[in-house]
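The structure file start36.txt is reproduced below (compact mmCIF, C-alpha atoms).
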```txt
# COMPACT_ATOMS: atom_id res chain seq x y z
CA MET A 29 50.79 -133.59 234.67
CA ASN A 30 51.96 -136.68 232.84
CA LYS A 31 52.23 -136.62 229.05
CA SER A 32 49.14 -138.78 228.38
CA LEU A 33 46.92 -136.57 230.57
CA PHE A 34 48.34 -133.47 228.93
CA THR A 35 47.69 -134.93 225.46
CA LEU A 36 44.10 -135.67 226.47
CA ALA A 37 43.69 -132.10 227.75
CA VAL A 38 45.02 -130.72 224.45
CA LEU A 39 42.69 -132.93 222.42
CA LEU A 40 39.71 -131.82 224.48
CA ALA A 41 40.73 -128.17 224.15
CA VAL A 42 41.03 -128.26 220.37
CA GLY A 43 38.41 -130.89 219.59
CA GLY A 44 35.21 -130.15 217.71
CA CYS A 45 32.77 -131.41 220.36
CA SER A 46 32.49 -128.71 222.97
CA THR A 47 30.04 -126.38 224.59
CA GLU A 48 31.69 -123.51 222.71
CA GLU A 49 31.12 -125.27 219.38
CA HIS A 50 27.47 -125.75 220.30
CA ILE A 51 27.01 -122.09 221.25
CA TYR A 52 29.17 -120.39 218.61
CA GLY A 53 29.15 -122.97 215.80
CA THR A 54 27.00 -120.86 213.47
CA GLN A 55 29.23 -117.79 213.76
CA PRO A 56 31.01 -117.11 210.44
CA LEU A 57 34.55 -117.52 211.84
CA VAL A 58 33.72 -120.89 213.35
CA ALA A 59 31.54 -122.18 210.51
CA ASN A 60 33.36 -120.84 207.45
CA VAL A 61 37.10 -120.51 208.13
CA GLN A 62 38.93 -123.57 206.82
CA THR A 63 42.49 -124.85 206.90
CA GLY A 64 44.51 -123.40 204.02
CA MET A 65 42.67 -120.05 203.79
CA SER A 66 44.69 -116.85 203.53
CA LYS A 67 44.71 -114.02 206.07
CA ASP A 68 42.68 -111.87 203.67
CA GLN A 69 40.03 -114.57 203.31
CA VAL A 70 39.77 -114.88 207.10
CA GLN A 71 39.41 -111.12 207.51
CA GLN A 72 36.70 -111.05 204.82
CA ILE A 73 34.78 -113.55 206.96
CA GLY A 74 35.57 -112.32 210.48
CA GLY A 75 36.65 -108.73 210.06
CA GLN A 76 39.58 -107.10 211.79
CA PRO A 77 40.91 -109.24 214.67
CA VAL A 78 41.17 -107.85 218.20
CA ALA A 79 44.92 -108.54 218.09
CA ILE A 80 47.53 -109.97 215.73
CA THR A 81 50.61 -111.66 217.20
CA GLU A 82 53.61 -113.50 215.86
CA ARG A 83 53.72 -117.16 216.87
CA THR A 84 56.45 -118.15 219.30
CA VAL A 85 56.74 -121.91 218.77
CA GLN A 86 56.51 -122.21 214.98
CA PRO A 87 56.88 -119.50 212.32
CA GLY A 88 53.64 -117.72 211.53
CA SER A 89 51.08 -115.42 213.09
CA CYS A 90 47.83 -115.61 214.98
CA PHE A 91 44.60 -113.59 214.98
CA ASP A 92 42.65 -113.16 218.21
CA TYR A 93 38.90 -112.65 217.96
CA LYS A 94 36.16 -112.23 220.56
CA LEU A 95 32.92 -114.04 219.72
CA THR A 96 29.61 -112.90 221.21
CA GLN A 97 26.40 -114.90 221.34
CA ALA A 98 23.43 -114.30 223.65
CA GLU A 99 25.46 -111.96 225.87
CA GLN A 100 28.19 -114.60 226.30
CA HIS A 101 31.74 -113.85 225.16
CA GLN A 102 34.35 -116.35 224.03
CA SER A 103 37.95 -116.02 222.84
CA TYR A 104 38.70 -117.58 219.46
CA ASN A 105 41.91 -117.72 217.48
CA VAL A 106 42.85 -118.39 213.91
CA SER A 107 46.50 -119.34 213.50
CA PHE A 108 48.55 -119.09 210.29
CA ASP A 109 51.66 -120.94 209.20
CA GLY A 110 54.78 -119.23 207.82
CA ASN A 111 53.11 -118.99 204.40
CA GLY A 112 50.12 -117.08 205.81
CA LYS A 113 47.69 -120.00 205.51
CA VAL A 114 45.29 -121.17 208.28
CA ASP A 115 46.69 -124.22 210.07
CA HIS A 116 44.69 -124.08 213.32
CA LYS A 117 41.65 -122.48 214.93
CA SER A 118 40.29 -122.93 218.45
CA PHE A 119 38.28 -121.50 221.32
CA MET A 120 41.24 -119.95 223.14
CA THR A 121 43.45 -116.90 222.79
CA CYS A 122 46.61 -116.95 220.70
CA ALA A 123 48.62 -116.76 223.93
CA GLU A 124 46.81 -119.81 225.32
CA TRP A 125 47.37 -121.72 222.06
CA SER A 126 51.06 -120.80 222.14
CA HIS A 127 51.29 -122.07 225.72
CA VAL A 128 49.70 -125.40 224.71
CA GLN A 129 52.24 -125.75 221.89
CA GLU A 130 55.14 -124.91 224.21
CA LYS A 131 53.99 -127.49 226.77
CA ALA A 132 53.60 -130.12 224.04
CA ARG A 133 57.25 -129.57 223.03
CA GLU A 134 58.61 -130.00 226.55
CA PRO A 135 60.28 -133.34 227.20
CA SER A 136 58.25 -135.77 229.25
CA ARG A 137 59.00 -135.47 232.95
CA THR A 138 58.81 -138.76 234.73
CA SER A 139 59.87 -139.47 238.24
CA GLY A 140 63.00 -141.51 238.34
CA GLY A 141 63.48 -144.61 240.44
CA GLY A 142 61.21 -146.21 243.02
CA GLY A 143 57.53 -146.78 242.87
CA TYR A 144 54.82 -145.74 245.23
```

Rewritten as structure tokens:
Amino acid sequence: MNKSLFTLAVLLAVGGCSTEEHIYGTQPLVANVQTGMSKDQVQQIGGQPVAITERTVQPGSCFDYKLTQAEQHQSYNVSFDGNGKVDHKSFMTCAEWSHVQEKAREPSRTSGGGGY
């Protein structure tokens, strides 16, 4: 996948306009957690996460949650920087978010020489 397509995929995955946002947007974690909040504040809103992992690309940690609405289930993560403050949240697992970050750090791979 070329870098521009990958960037578009990342933007779509983390963007605010999505089916998940429409379905789960009123859930407290989605509606109330904001950038800069502490881990304690997030847990006061969302309760105990399903899992807590250390981030692999940048220092920090990540909380995995499972949202439920009308018998549908959706992964959701809240990610914290090295100071324990929210710096990202999205409708994917912490492992998926880590994978997106790893891919974004990889150097662009272009085919050398010759055209089509």

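Here CA of Gly64 (chain A) and CA of Gln129 (chain A) stand 19.6 Å from one another.
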
Contacts of His127 (chain A) within 12 Å, all atoms listed in the file, excl. fewer than 5 positions in-chain, as a ChimeraX atom specification: /A:38,83-86,120-122,132-134

Would you export the selected residues with C-alpha atoms as an mmCIF file, in the coordinates of the input, please?
```cif
data_model
loop_
_atom_site.group_PDB
_atom_site.id
_atom_site.type_symbol
_atom_site.label_atom_id
_atom_site.label_comp_id
_atom_site.auth_asym_id
_atom_site.auth_seq_id
_atom_site.Cartn_x
_atom_site.Cartn_y
_atom_site.Cartn_z
ATOM 1 C CA VAL A 38 45.020 -130.720 224.450
ATOM 2 C CA ARG A 83 53.720 -117.160 216.870
ATOM 3 C CA THR A 84 56.450 -118.150 219.300
ATOM 4 C CA VAL A 85 56.740 -121.910 218.770
ATOM 5 C CA GLN A 86 56.510 -122.210 214.980
ATOM 6 C CA MET A 120 41.240 -119.950 223.140
ATOM 7 C CA THR A 121 43.450 -116.900 222.790
ATOM 8 C CA CYS A 122 46.610 -116.950 220.700
ATOM 9 C CA ALA A 132 53.600 -130.120 224.040
ATOM 10 C CA ARG A 133 57.250 -129.570 223.030
ATOM 11 C CA GLU A 134 58.610 -130.000 226.550
#
```

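Between CA of Leu57 (chain A) and CA of Ile80 (chain A) the interatomic distance comes to 15.5 Å.
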
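The closest residue to Val106 (chain A), picked from A:Phe119, A:Tyr52, A:Trp125, A:Phe91 and counting only C-alpha atoms, is A:Phe91.
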
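Among the candidate residues A:Ser136, A:Ser118, A:Ser89, A:Gln71, the one lying nearest to Val58 (chain A) is A:Ser118, with distances computed using only C-alpha atoms.
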
Who sits within 9 Å of Asn111 (chain A), only C-alpha atoms, same chain under 6 positions skipped, as a ChimeraX atom specification: /A:66,87-88

Computed interatomic separation between CA of Thr54 (chain A) and CA of Gln69 (chain A) (Å): 17.7 Å

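Comparing the minimum interatomic distances between Tyr93 (chain A) and each of A:Gln62, A:Val128, A:Gln55, A:Asp115, counting all atoms listed in the file, we find that A:Gln55 sits nearest.
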
Residue nearest Ile51 (chain A) among A:Asp68, A:Glu82, A:Glu99, A:Glu124 (counting only C-alpha atoms): A:Glu99

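Between Leu95 (chain A) and the candidates A:Ala123, A:Ala79, A:Pro56, A:Val61, the tightest atom-to-atom separation, counting all atoms listed in the file, involves A:Pro56.
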
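Of the residues listed (A:Thr96, A:Val78, A:Gln102, A:Met65), A:Gln102 shows the shortest atom-to-atom separation from Glu48 (chain A); distances use only C-alpha atoms.
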